[in-house]
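The file input03.cif comes next; it holds mmCIF, C-alpha atoms and all ligand atoms.
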data_input
loop_
_atom_site.label_atom_id
_atom_site.label_comp_id
_atom_site.auth_asym_id
_atom_site.auth_seq_id
_atom_site.Cartn_x
_atom_site.Cartn_y
_atom_site.Cartn_z
CA MET A 1155 -5.20 3.24 -62.12
CA VAL A 1156 -5.24 3.12 -58.32
CA PHE A 1157 -3.32 -0.16 -58.47
CA LYS A 1158 -0.69 1.41 -60.75
CA ARG A 1159 -0.25 4.26 -58.32
CA PHE A 1160 0.09 1.73 -55.51
CA GLU A 1161 2.74 -0.12 -57.55
CA PHE A 1162 4.64 3.12 -58.16
CA VAL A 1163 4.56 4.08 -54.48
CA SER A 1164 5.67 0.55 -53.53
CA LEU A 1165 8.59 0.73 -55.95
CA CYS A 1166 9.62 4.11 -54.52
CA ILE A 1167 9.50 2.70 -50.98
CA LEU A 1168 11.44 -0.39 -52.07
CA GLY A 1169 14.05 1.80 -53.80
CA PHE A 1170 14.37 3.92 -50.66
CA VAL A 1171 14.69 0.88 -48.37
CA LEU A 1172 17.29 -0.75 -50.64
CA SER A 1173 19.31 2.47 -51.09
CA CYS A 1174 22.71 2.33 -49.48
CA GLN A 1175 26.02 4.16 -49.24
CA VAL A 1176 28.70 3.73 -51.90
CA THR A 1177 30.88 2.08 -49.25
CA SER A 1178 30.10 0.57 -45.84
CA HIS A 1179 33.50 1.64 -44.43
CA ASN A 1180 33.52 4.19 -41.60
CA VAL A 1181 34.01 7.82 -42.59
CA LYS A 1182 35.18 10.79 -40.52
CA PRO A 1183 33.97 14.33 -41.12
CA TYR A 1184 36.35 17.17 -42.05
CA ILE A 1185 34.39 20.33 -41.38
CA SER A 1186 35.55 23.66 -42.69
CA ASP A 1187 33.77 26.99 -42.60
CA LYS A 1188 36.59 28.56 -44.60
CA THR A 1189 34.96 27.92 -47.93
CA SER A 1190 33.64 30.34 -50.51
CA ALA A 1191 31.03 30.17 -53.25
CA THR A 1192 33.49 31.25 -55.94
CA LEU A 1193 37.18 31.07 -56.74
CA PRO A 1194 39.02 34.34 -55.92
CA THR A 1195 39.49 36.40 -59.09
CA SER A 1196 43.09 37.26 -58.25
CA ILE A 1197 45.18 34.32 -57.03
CA LYS A 1198 48.85 34.88 -56.26
CA PRO A 1199 50.32 32.12 -54.07
CA ASN A 1200 53.71 32.70 -52.43
CA LYS A 1201 54.63 29.11 -53.25
CA TYR A 1202 53.51 26.93 -56.13
CA VAL A 1203 52.87 23.20 -55.90
CA GLU A 1204 54.46 20.92 -58.51
CA PHE A 1205 51.73 19.24 -60.52
CA GLN A 1206 51.99 16.10 -62.63
CA VAL A 1207 49.57 13.83 -64.47
CA VAL A 1208 50.31 10.09 -64.78
CA LYS A 1209 48.47 7.98 -67.35
CA VAL A 1210 47.77 4.61 -65.78
CA ALA A 1211 45.79 2.78 -68.45
CA ASP A 1212 43.88 2.96 -71.70
CA TRP A 1213 40.41 1.51 -71.77
CA GLU A 1214 37.06 2.05 -73.44
CA ALA A 1215 33.57 2.99 -72.30
CA SER A 1216 30.19 3.51 -73.93
CA LEU A 1217 29.66 6.98 -75.33
CA ASP A 1218 26.11 7.20 -73.96
CA GLY A 1219 27.62 7.00 -70.47
CA LEU A 1220 30.34 9.56 -71.18
CA LEU A 1221 28.13 12.10 -72.98
CA ASP A 1222 24.48 13.12 -72.89
CA LEU A 1223 23.56 12.05 -76.43
CA ASP A 1224 20.17 13.81 -76.09
CA ASP A 1225 21.92 17.18 -75.81
CA PRO A 1226 21.06 19.25 -78.94
CA LYS A 1227 24.81 19.69 -79.65
CA ALA A 1228 25.33 15.91 -79.65
CA LYS A 1229 22.29 15.43 -81.87
CA ALA A 1230 23.42 18.16 -84.27
CA VAL A 1231 26.59 16.25 -85.11
CA GLY A 1232 24.78 12.88 -85.12
CA LEU A 1233 26.59 11.30 -82.16
CA LYS A 1234 25.38 7.74 -81.53
CA ASP A 1235 26.32 5.27 -78.83
CA ARG A 1236 29.58 3.43 -79.52
CA ALA A 1237 32.74 2.37 -77.71
CA GLU A 1238 34.85 5.46 -76.95
CA PRO A 1239 38.59 5.32 -76.08
CA ILE A 1240 39.24 6.52 -72.53
CA SER A 1241 42.24 6.62 -70.20
CA ILE A 1242 42.68 6.30 -66.45
CA TYR A 1243 44.91 8.84 -64.70
CA PHE A 1244 46.16 9.86 -61.34
CA TYR A 1245 47.67 13.24 -60.53
CA LEU A 1246 50.46 14.25 -58.14
CA VAL A 1247 50.43 17.48 -56.18
CA LYS A 1248 53.78 18.19 -54.52
CA HIS A 1249 53.65 20.99 -51.94
CA PRO A 1250 57.06 22.40 -50.88
CA LYS A 1251 56.07 22.35 -47.19
CA PHE A 1252 53.27 19.79 -46.76
CA GLY A 1253 54.51 16.98 -49.02
CA THR A 1254 53.01 15.01 -51.89
CA TYR A 1255 49.32 14.29 -52.37
CA MET A 1256 47.55 12.29 -55.07
CA ILE A 1257 44.30 12.94 -56.88
CA ASP A 1258 42.57 9.58 -57.53
CA SER A 1259 44.31 6.29 -56.89
CA GLY A 1260 45.51 4.82 -60.20
CA MET A 1261 45.48 1.02 -60.40
CA GLY A 1262 46.61 -1.88 -58.24
CA LYS A 1263 49.38 -4.22 -59.38
CA ASN A 1264 47.39 -7.34 -60.22
CA PHE A 1265 44.02 -5.66 -60.69
CA PRO A 1266 41.31 -7.03 -60.84
CA LYS A 1267 42.92 -9.60 -58.50
CA GLY A 1268 43.67 -8.54 -54.93
CA GLU A 1269 46.54 -9.65 -52.72
CA ASP A 1270 44.71 -12.88 -51.83
CA GLY A 1271 44.31 -13.74 -55.55
CA LYS A 1272 40.55 -13.26 -55.45
CA SER A 1273 38.76 -10.78 -57.71
CA LEU A 1274 38.23 -7.37 -56.11
CA VAL A 1275 35.09 -6.69 -58.11
CA SER A 1276 31.85 -8.65 -58.16
CA SER A 1277 30.90 -10.65 -61.25
CA ILE A 1278 27.99 -8.26 -62.00
CA VAL A 1279 30.38 -5.28 -61.98
CA GLU A 1280 33.00 -7.22 -63.97
CA SER A 1281 30.42 -7.99 -66.67
CA GLN A 1282 29.88 -4.22 -67.18
CA MET A 1283 33.50 -3.09 -67.17
CA HIS A 1284 35.08 -4.59 -70.37
CA PHE A 1285 38.32 -5.69 -68.69
CA ASP A 1286 39.42 -7.33 -71.95
CA LYS A 1287 39.92 -3.81 -73.38
CA LEU A 1288 42.08 -2.61 -70.46
CA LYS A 1289 45.77 -1.82 -71.21
CA VAL A 1290 47.66 -1.03 -68.01
CA TYR A 1291 50.91 1.03 -68.07
CA GLU A 1292 51.52 1.88 -64.41
CA SER A 1293 50.58 0.37 -61.09
CA THR A 1294 50.25 2.75 -58.19
CA LYS A 1295 52.42 1.12 -55.53
CA THR A 1296 55.26 0.34 -57.94
CA TYR A 1297 55.16 3.89 -59.32
CA LEU A 1298 55.29 5.44 -55.85
CA GLN A 1299 58.12 3.10 -54.74
CA ASN A 1300 60.21 3.63 -57.90
CA ASN A 1301 59.88 7.41 -57.54
CA GLN A 1302 60.36 7.33 -53.75
CA ILE A 1303 57.11 9.17 -53.13
CA ASP A 1304 55.65 9.14 -49.63
CA ILE A 1305 51.97 10.03 -50.07
CA LYS A 1306 50.39 12.31 -47.44
CA GLY A 1307 46.82 12.00 -48.66
CA ILE A 1308 44.62 11.12 -51.64
CA PHE A 1309 41.82 13.33 -52.91
CA PHE A 1310 39.19 11.34 -54.78
CA THR A 1311 37.42 13.17 -57.59
CA HIS A 1312 34.66 10.70 -56.57
CA LEU A 1313 34.27 7.06 -55.57
CA HIS A 1314 33.18 5.46 -58.84
CA LEU A 1315 35.10 2.22 -59.21
CA ASP A 1316 37.39 3.41 -62.02
CA HIS A 1317 38.87 5.99 -59.61
CA THR A 1318 39.47 3.61 -56.69
CA LEU A 1319 41.35 0.80 -58.47
CA GLY A 1320 44.67 1.47 -56.71
CA ALA A 1321 43.40 2.49 -53.27
CA TYR A 1322 43.83 -0.93 -51.59
CA GLU A 1323 47.61 -0.73 -52.15
CA ILE A 1324 48.00 2.53 -50.24
CA ASP A 1325 49.21 2.62 -46.60
CA ARG A 1326 46.17 2.50 -44.28
CA ALA A 1327 47.17 5.64 -42.38
CA VAL A 1328 46.96 7.85 -45.51
CA PRO A 1329 43.77 9.96 -45.46
CA PHE A 1330 41.37 9.38 -48.38
CA TYR A 1331 39.56 12.73 -48.83
CA VAL A 1332 36.14 12.72 -50.51
CA GLY A 1333 33.63 15.46 -51.29
CA PRO A 1334 30.53 16.45 -49.26
CA GLY A 1335 27.97 13.61 -49.15
CA GLU A 1336 30.09 11.27 -51.32
CA VAL A 1337 29.98 8.49 -48.71
CA THR A 1338 26.95 9.44 -46.59
CA ASP A 1339 24.40 9.97 -49.41
CA LYS A 1340 22.40 6.84 -50.17
CA GLN A 1341 21.52 5.70 -53.69
CA PHE A 1342 19.85 2.60 -55.12
CA ILE A 1343 22.68 1.92 -57.62
CA ASN A 1344 25.08 1.49 -54.68
CA LEU A 1345 23.37 -1.80 -53.88
CA PHE A 1346 25.29 -3.28 -56.83
CA VAL A 1347 28.68 -1.63 -56.30
CA GLN A 1348 29.12 -1.34 -52.52
CA GLY A 1349 30.92 -4.70 -52.06
CA SER A 1350 33.36 -3.94 -54.89
CA THR A 1351 34.00 -0.38 -53.64
CA ASP A 1352 34.63 -1.73 -50.12
CA ARG A 1353 37.24 -4.21 -51.39
CA LEU A 1354 38.94 -1.65 -53.68
CA LEU A 1355 39.30 0.86 -50.83
CA GLY A 1356 40.89 -1.96 -48.79
CA LYS A 1357 40.56 -2.86 -45.12
CA ASN A 1358 39.87 0.02 -42.70
CA PRO A 1359 40.61 2.91 -45.05
CA ASN A 1360 41.18 6.31 -43.43
CA LEU A 1361 38.14 7.87 -45.15
CA VAL A 1362 37.58 11.58 -44.56
CA GLN A 1363 34.56 13.40 -45.99
CA PHE A 1364 34.67 17.16 -46.49
CA GLY A 1365 31.76 19.10 -45.05
CA PHE A 1366 31.49 22.52 -46.69
CA GLY A 1367 28.58 24.59 -45.37
CA LYS A 1368 25.13 23.16 -44.73
CA ASN A 1369 23.91 22.34 -48.21
CA THR A 1370 25.88 19.58 -49.96
CA LYS A 1371 24.21 20.52 -53.24
CA GLU A 1372 25.91 23.92 -53.35
CA ILE A 1373 29.16 24.45 -55.23
CA SER A 1374 31.97 25.52 -52.90
CA VAL A 1375 35.66 26.28 -53.06
CA PHE A 1376 38.22 25.36 -50.38
CA ASP A 1377 41.83 26.59 -50.19
CA PHE A 1378 43.17 23.28 -48.80
CA PHE A 1379 46.67 24.35 -47.67
CA GLY A 1380 45.50 27.88 -46.78
CA ASP A 1381 48.12 29.52 -49.03
CA GLN A 1382 46.23 29.72 -52.37
CA SER A 1383 48.41 26.97 -53.87
CA PHE A 1384 45.69 24.31 -54.26
CA PHE A 1385 41.91 24.74 -54.41
CA VAL A 1386 39.43 21.91 -53.90
CA ILE A 1387 36.12 22.65 -55.66
CA SER A 1388 32.98 20.79 -54.61
CA VAL A 1389 31.03 20.20 -57.85
CA PRO A 1390 28.06 17.92 -57.03
CA GLY A 1391 26.09 16.22 -59.78
CA HIS A 1392 28.08 13.44 -61.40
CA THR A 1393 28.07 11.93 -57.90
CA PRO A 1394 26.91 13.64 -54.67
CA GLY A 1395 30.45 14.59 -53.63
CA SER A 1396 32.27 15.06 -56.93
CA LEU A 1397 35.40 17.23 -56.70
CA ALA A 1398 37.37 19.33 -59.19
CA PHE A 1399 40.69 21.08 -58.53
CA TYR A 1400 42.23 24.43 -59.45
CA ILE A 1401 46.01 24.38 -59.18
CA PRO A 1402 47.88 27.66 -59.79
CA ALA A 1403 51.15 27.41 -61.74
CA LYS A 1404 53.58 30.00 -63.09
CA GLY A 1405 52.55 29.69 -66.74
CA GLY A 1406 48.80 29.50 -65.99
CA ALA A 1407 46.77 27.18 -63.76
CA HIS A 1408 45.76 23.52 -64.14
CA LEU A 1409 42.03 22.79 -63.97
CA VAL A 1410 41.22 19.15 -63.11
CA LEU A 1411 37.57 18.46 -63.97
CA GLY A 1412 37.13 14.94 -62.60
CA ASP A 1413 34.11 13.24 -64.14
CA THR A 1414 31.99 16.41 -64.15
CA CYS A 1415 33.22 16.20 -67.76
CA HIS A 1416 34.78 12.96 -69.06
CA THR A 1417 35.77 13.87 -72.61
CA GLN A 1418 37.58 16.55 -74.62
CA TRP A 1419 34.54 17.03 -76.86
CA GLY A 1420 32.23 17.37 -73.85
CA TRP A 1421 34.42 20.15 -72.44
CA LYS A 1422 34.76 22.04 -75.74
CA GLU A 1423 31.01 21.86 -76.43
CA GLY A 1424 29.83 22.14 -72.81
CA VAL A 1425 27.94 18.81 -72.94
CA ILE A 1426 27.53 16.93 -69.65
CA PRO A 1427 28.07 13.16 -69.17
CA GLY A 1428 25.22 10.75 -69.96
CA LYS A 1429 24.19 7.60 -68.06
CA PHE A 1430 27.21 7.65 -65.76
CA THR A 1431 25.93 10.81 -64.05
CA SER A 1432 23.50 10.54 -61.12
CA ASP A 1433 22.03 14.09 -61.17
CA PRO A 1434 22.20 15.66 -64.65
CA LYS A 1435 20.76 19.05 -63.55
CA LEU A 1436 23.35 19.50 -60.83
CA ASN A 1437 26.09 18.21 -63.15
CA ARG A 1438 25.01 20.91 -65.66
CA LYS A 1439 25.33 23.60 -62.97
CA SER A 1440 28.75 22.34 -61.92
CA LEU A 1441 30.07 22.11 -65.49
CA ASP A 1442 28.84 25.67 -66.17
CA PHE A 1443 30.68 26.80 -63.03
CA LEU A 1444 33.95 25.21 -64.21
CA LYS A 1445 33.49 26.78 -67.67
CA GLU A 1446 33.12 30.14 -65.95
CA VAL A 1447 36.32 29.50 -63.96
CA ALA A 1448 38.14 28.76 -67.23
CA GLU A 1449 36.83 31.96 -68.79
CA THR A 1450 37.74 34.21 -65.88
CA HIS A 1451 41.18 32.79 -64.94
CA GLU A 1452 44.48 32.22 -66.71
CA ILE A 1453 44.51 28.48 -67.35
CA GLN A 1454 47.22 26.51 -69.09
CA PHE A 1455 45.64 23.06 -69.22
CA VAL A 1456 42.19 21.58 -68.59
CA TYR A 1457 42.05 17.87 -67.62
CA PRO A 1458 38.82 16.03 -68.55
CA GLY A 1459 38.18 12.95 -66.38
CA HIS A 1460 39.09 10.33 -68.98
CA GLN A 1461 40.86 11.92 -71.93
CA ASP A 1462 44.10 13.84 -72.50
CA ARG A 1463 44.46 17.36 -71.23
CA ILE A 1464 43.39 20.30 -73.40
CA SER A 1465 45.81 23.16 -73.82
CA THR A 1466 44.09 26.51 -73.34
CA PRO A 1467 45.27 29.72 -75.02
CA LEU A 1468 46.28 32.26 -72.37
CA LYS A 1469 44.26 35.46 -72.32
CA LYS A 1470 47.05 37.98 -71.85
ZN ZN A 1501 35.51 7.89 -64.17
#

Here is a file; write its structure as C-alpha cells.
Amino acid sequence: MVFKRFEFVSLCILGFVLSCQVTSHNVKPYISDKTSATLPTSIKPNKYVEFQVVKVADWEASLDGLLDLDDPKAKAVGLKDRAEPISIYFYLVKHPKFGTYMIDSGMGKNFPKGEDGKSLVSSIVESQMHFDKLKVYESTKTYLQNNQIDIKGIFFTHLHLDHTLGAYEIDRAVPFYVGPGEVTDKQFINLFVQGSTDRLLGKNPNLVQFGFGKNTKEISVFDFFGDQSFFVISVPGHTPGSLAFYIPAKGGAHLVLGDTCHTQWGWKEGVIPGKFTSDPKLNRKSLDFLKEVAETHEIQFVYPGHQDRISTPLKK
C-alpha cells in the first residue's frame, strides 16, 4: 500500500517535471484591465465589422473526443464512439478603421509539408490525425493573396494543432493573439505536441498572450477595438486560454464558439467535448456562459468549432 502511494507520488512528480508549454516560442503579454465578467446586455456599436467564415477543409475525428459520451444526454440517445465528419474554418473580421483580422489560421499550401519539404508534424502526431481523410479546399496564403487581404492580426481560438495549420505562412510581423495562460500554462500532453506546434507557428512568431485580470480561470469579456464592434471572450476549459467571440451585426450577432463546443449536436444539447478537452469542469462553465449569452442577446448564427453554423431564431 505504502509502495503504491510512493508510485503514485512519483508519477505525479514525473508528470510535473515533464510538463511543458504548448510552444517553446517567446510570448509577449497584452495586459488589459478593461475587461468585464459579462457581455453588456445592450450593445449598439457605431460601426459594424464585416464578418465572414471560410471553410478550409473537411476531415473526420473521433466522436469521443468531440463529445462527452458519458453525458446523460449522449447516453440517452445511445451515442457511441465513431468517426464524425468535421470541418476546419477560419474567420475574417474586417473593421472599417483598423483593418482585417483573422480568427484561427486555416491551412498551409502543402500541409503537412513545410516550405523545406519536411513534415511539419511529428510522426506520433501524424499517426493520430488521419491525414488520409483530409480534403483541403483553401490554403491560407493563396486565399489572402487572391482576395488582396492584408492581415493585421490573428486571434487563435486556442493552439491545438488543427487551428494552427496555416500560421507558418503568415508574415512574421502579424501579431498572433492567444487567450490567458494559453502559452504559459504547462501540461503533460504538451510534451508530445510542442515540436509540431513550434513548427506550425513558424520561426519567431509574434505571439501575444492576453492577460485579463488575475485569475486565468475566470471567464472575461474584452471589447478589443473599444467601440463594441468585436468582443473577445476568455472561456477557459477546453484549453487554458480558449477564446470565443461575439460579433455584433445588423441582423443579429455572430457567436463563434471555438472548441468550447465542436459540434452542432453538442451546442443544441449543451454537451461539452470529450477527450479533446483538458478541464471538463471549466469547459462546462464556459459552455453554460456562452449558452446564457445566446439566450440573452439577439444572435443570428452560432459557429461550433468544427461543424457548420447554426441559424438561431431572433427573439423579437
Ligand atoms: Zn479544433

Could you list, as a PyMOL selection string, all the residues within 9 Å of ligand ZN 1501 (chain A), counting only C-alpha atoms and all ligand atoms?
chain A and resi 1220+1242+1311-1317+1412-1413+1416+1430+1459-1460

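For A:Phe1384, the list of residues within 7 Å, based on only C-alpha atoms and with local chain neighbours fewer than 3 positions off taken out, reads Asp1377, Phe1378, Phe1379, Tyr1400, Ile1401 and Pro1402 of chain A.
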
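Atom pair atom CA of A:Lys1198 / atom CA of A:His1408 has a distance of 14.2 Å (rounded to one decimal).
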
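The two atoms in question, atom CA of A:Leu1409 and atom CA of A:Ile1197, are spaced 13.8 Å apart.
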
Would you kindly return, as a PyMOL selection string, each protein, DNA or RNA residue with an atom no farther than 12 Å from any atom of A:Lys1267, considering all atoms listed in the file and excluding same-chain residues fewer than 6 positions away?
chain A and resi 1261+1273-1276+1280+1285+1319-1320+1322-1323+1350+1353-1354

Taking the block above, write stretch 1285-1297 of chain A with all heavy atoms as a PDB file, in the first residue's frame.
ATOM      1  N   PHE A1285      -4.639  11.931 -41.657  1.00  0.00           N
ATOM      2  CA  PHE A1285      -4.469  12.823 -42.805  1.00  0.00           C
ATOM      3  C   PHE A1285      -5.078  12.257 -44.095  1.00  0.00           C
ATOM      4  O   PHE A1285      -5.409  13.008 -45.003  1.00  0.00           O
ATOM      5  CB  PHE A1285      -2.989  13.140 -43.030  1.00  0.00           C
ATOM      6  CG  PHE A1285      -2.425  14.075 -41.993  1.00  0.00           C
ATOM      7  CD1 PHE A1285      -1.139  13.912 -41.510  1.00  0.00           C
ATOM      8  CD2 PHE A1285      -3.185  15.132 -41.505  1.00  0.00           C
ATOM      9  CE1 PHE A1285      -0.619  14.770 -40.551  1.00  0.00           C
ATOM     10  CE2 PHE A1285      -2.677  15.998 -40.542  1.00  0.00           C
ATOM     11  CZ  PHE A1285      -1.387  15.813 -40.072  1.00  0.00           C
ATOM     12  N   ASP A1286      -5.221  10.931 -44.159  1.00  0.00           N
ATOM     13  CA  ASP A1286      -5.806  10.332 -45.369  1.00  0.00           C
ATOM     14  C   ASP A1286      -7.265  10.758 -45.561  1.00  0.00           C
ATOM     15  O   ASP A1286      -7.809  10.665 -46.662  1.00  0.00           O
ATOM     16  CB  ASP A1286      -5.700   8.795 -45.305  1.00  0.00           C
ATOM     17  CG  ASP A1286      -6.282   8.233 -44.017  1.00  0.00           C
ATOM     18  OD1 ASP A1286      -6.069   8.838 -42.939  1.00  0.00           O
ATOM     19  OD2 ASP A1286      -6.974   7.200 -44.086  1.00  0.00           O
ATOM     20  N   LYS A1287      -7.905  11.245 -44.503  1.00  0.00           N
ATOM     21  CA  LYS A1287      -9.321  11.663 -44.597  1.00  0.00           C
ATOM     22  C   LYS A1287      -9.459  13.166 -44.863  1.00  0.00           C
ATOM     23  O   LYS A1287     -10.577  13.692 -44.931  1.00  0.00           O
ATOM     24  CB  LYS A1287     -10.061  11.350 -43.287  1.00  0.00           C
ATOM     25  CG  LYS A1287      -9.959   9.923 -42.843  1.00  0.00           C
ATOM     26  CD  LYS A1287     -10.811   9.023 -43.713  1.00  0.00           C
ATOM     27  CE  LYS A1287     -10.795   7.604 -43.172  1.00  0.00           C
ATOM     28  NZ  LYS A1287     -11.030   6.614 -44.216  1.00  0.00           N
ATOM     29  N   LEU A1288      -8.340  13.870 -44.978  1.00  0.00           N
ATOM     30  CA  LEU A1288      -8.369  15.332 -45.099  1.00  0.00           C
ATOM     31  C   LEU A1288      -8.625  15.754 -46.546  1.00  0.00           C
ATOM     32  O   LEU A1288      -7.915  15.333 -47.459  1.00  0.00           O
ATOM     33  CB  LEU A1288      -7.011  15.863 -44.612  1.00  0.00           C
ATOM     34  CG  LEU A1288      -6.799  17.355 -44.521  1.00  0.00           C
ATOM     35  CD1 LEU A1288      -7.719  17.984 -43.500  1.00  0.00           C
ATOM     36  CD2 LEU A1288      -5.334  17.636 -44.127  1.00  0.00           C
ATOM     37  N   LYS A1289      -9.672  16.597 -46.752  1.00  0.00           N
ATOM     38  CA  LYS A1289      -9.947  17.167 -48.087  1.00  0.00           C
ATOM     39  C   LYS A1289      -9.816  18.679 -47.986  1.00  0.00           C
ATOM     40  O   LYS A1289     -10.626  19.335 -47.335  1.00  0.00           O
ATOM     41  CB  LYS A1289     -11.387  16.844 -48.505  1.00  0.00           C
ATOM     42  CG  LYS A1289     -11.530  15.501 -49.173  1.00  0.00           C
ATOM     43  CD  LYS A1289     -12.950  15.364 -49.708  1.00  0.00           C
ATOM     44  CE  LYS A1289     -13.483  14.014 -49.310  1.00  0.00           C
ATOM     45  NZ  LYS A1289     -14.886  13.974 -48.972  1.00  0.00           N
ATOM     46  N   VAL A1290      -8.774  19.221 -48.614  1.00  0.00           N
ATOM     47  CA  VAL A1290      -8.480  20.651 -48.459  1.00  0.00           C
ATOM     48  C   VAL A1290      -9.084  21.450 -49.614  1.00  0.00           C
ATOM     49  O   VAL A1290      -8.958  21.069 -50.779  1.00  0.00           O
ATOM     50  CB  VAL A1290      -6.951  20.884 -48.401  1.00  0.00           C
ATOM     51  CG1 VAL A1290      -6.641  22.355 -48.187  1.00  0.00           C
ATOM     52  CG2 VAL A1290      -6.329  20.063 -47.286  1.00  0.00           C
ATOM     53  N   TYR A1291      -9.762  22.556 -49.300  1.00  0.00           N
ATOM     54  CA  TYR A1291     -10.381  23.434 -50.313  1.00  0.00           C
ATOM     55  C   TYR A1291      -9.644  24.761 -50.478  1.00  0.00           C
ATOM     56  O   TYR A1291      -9.649  25.339 -51.555  1.00  0.00           O
ATOM     57  CB  TYR A1291     -11.845  23.731 -49.950  1.00  0.00           C
ATOM     58  CG  TYR A1291     -12.660  22.497 -49.680  1.00  0.00           C
ATOM     59  CD1 TYR A1291     -13.283  22.306 -48.443  1.00  0.00           C
ATOM     60  CD2 TYR A1291     -12.790  21.502 -50.653  1.00  0.00           C
ATOM     61  CE1 TYR A1291     -14.025  21.169 -48.188  1.00  0.00           C
ATOM     62  CE2 TYR A1291     -13.529  20.357 -50.403  1.00  0.00           C
ATOM     63  CZ  TYR A1291     -14.142  20.203 -49.167  1.00  0.00           C
ATOM     64  OH  TYR A1291     -14.866  19.066 -48.916  1.00  0.00           O
ATOM     65  N   GLU A1292      -9.095  25.274 -49.393  1.00  0.00           N
ATOM     66  CA  GLU A1292      -8.453  26.596 -49.450  1.00  0.00           C
ATOM     67  C   GLU A1292      -7.137  26.548 -48.693  1.00  0.00           C
ATOM     68  O   GLU A1292      -7.060  25.935 -47.637  1.00  0.00           O
ATOM     69  CB  GLU A1292      -9.324  27.658 -48.734  1.00  0.00           C
ATOM     70  CG  GLU A1292     -10.680  27.914 -49.336  1.00  0.00           C
ATOM     71  CD  GLU A1292     -10.641  28.780 -50.579  1.00  0.00           C
ATOM     72  OE1 GLU A1292      -9.547  29.211 -50.989  1.00  0.00           O
ATOM     73  OE2 GLU A1292     -11.717  29.014 -51.148  1.00  0.00           O
ATOM     74  N   SER A1293      -6.119  27.223 -49.232  1.00  0.00           N
ATOM     75  CA  SER A1293      -4.922  27.410 -48.419  1.00  0.00           C
ATOM     76  C   SER A1293      -4.827  28.890 -48.059  1.00  0.00           C
ATOM     77  O   SER A1293      -5.196  29.769 -48.848  1.00  0.00           O
ATOM     78  CB  SER A1293      -3.665  26.903 -49.116  1.00  0.00           C
ATOM     79  OG  SER A1293      -3.205  27.847 -50.028  1.00  0.00           O
ATOM     80  N   THR A1294      -4.350  29.147 -46.859  1.00  0.00           N
ATOM     81  CA  THR A1294      -4.455  30.481 -46.271  1.00  0.00           C
ATOM     82  C   THR A1294      -3.767  31.562 -47.107  1.00  0.00           C
ATOM     83  O   THR A1294      -4.386  32.557 -47.483  1.00  0.00           O
ATOM     84  CB  THR A1294      -3.863  30.452 -44.847  1.00  0.00           C
ATOM     85  OG1 THR A1294      -4.589  29.466 -44.120  1.00  0.00           O
ATOM     86  CG2 THR A1294      -3.985  31.794 -44.152  1.00  0.00           C
ATOM     87  N   LYS A1295      -2.500  31.346 -47.420  1.00  0.00           N
ATOM     88  CA  LYS A1295      -1.731  32.378 -48.124  1.00  0.00           C
ATOM     89  C   LYS A1295      -2.347  32.689 -49.486  1.00  0.00           C
ATOM     90  O   LYS A1295      -2.506  33.852 -49.867  1.00  0.00           O
ATOM     91  CB  LYS A1295      -0.288  31.901 -48.286  1.00  0.00           C
ATOM     92  CG  LYS A1295       0.671  33.010 -48.616  1.00  0.00           C
ATOM     93  CD  LYS A1295       2.093  32.476 -48.619  1.00  0.00           C
ATOM     94  CE  LYS A1295       3.079  33.506 -49.080  1.00  0.00           C
ATOM     95  NZ  LYS A1295       4.434  32.939 -49.123  1.00  0.00           N
ATOM     96  N   THR A1296      -2.711  31.635 -50.226  1.00  0.00           N
ATOM     97  CA  THR A1296      -3.304  31.822 -51.550  1.00  0.00           C
ATOM     98  C   THR A1296      -4.626  32.584 -51.429  1.00  0.00           C
ATOM     99  O   THR A1296      -4.900  33.504 -52.205  1.00  0.00           O
ATOM    100  CB  THR A1296      -3.544  30.440 -52.214  1.00  0.00           C
ATOM    101  OG1 THR A1296      -2.343  29.708 -52.128  1.00  0.00           O
ATOM    102  CG2 THR A1296      -3.973  30.571 -53.660  1.00  0.00           C
ATOM    103  N   TYR A1297      -5.428  32.212 -50.438  1.00  0.00           N
ATOM    104  CA  TYR A1297      -6.717  32.893 -50.242  1.00  0.00           C
ATOM    105  C   TYR A1297      -6.500  34.385 -49.967  1.00  0.00           C
ATOM    106  O   TYR A1297      -7.155  35.236 -50.557  1.00  0.00           O
ATOM    107  CB  TYR A1297      -7.480  32.252 -49.076  1.00  0.00           C
ATOM    108  CG  TYR A1297      -8.861  32.861 -48.890  1.00  0.00           C
ATOM    109  CD1 TYR A1297      -9.978  32.294 -49.506  1.00  0.00           C
ATOM    110  CD2 TYR A1297      -9.039  34.021 -48.134  1.00  0.00           C
ATOM    111  CE1 TYR A1297     -11.235  32.867 -49.365  1.00  0.00           C
ATOM    112  CE2 TYR A1297     -10.288  34.601 -47.987  1.00  0.00           C
ATOM    113  CZ  TYR A1297     -11.378  34.016 -48.604  1.00  0.00           C
ATOM    114  OH  TYR A1297     -12.622  34.595 -48.483  1.00  0.00           O
TER     115      TYR A1297
END
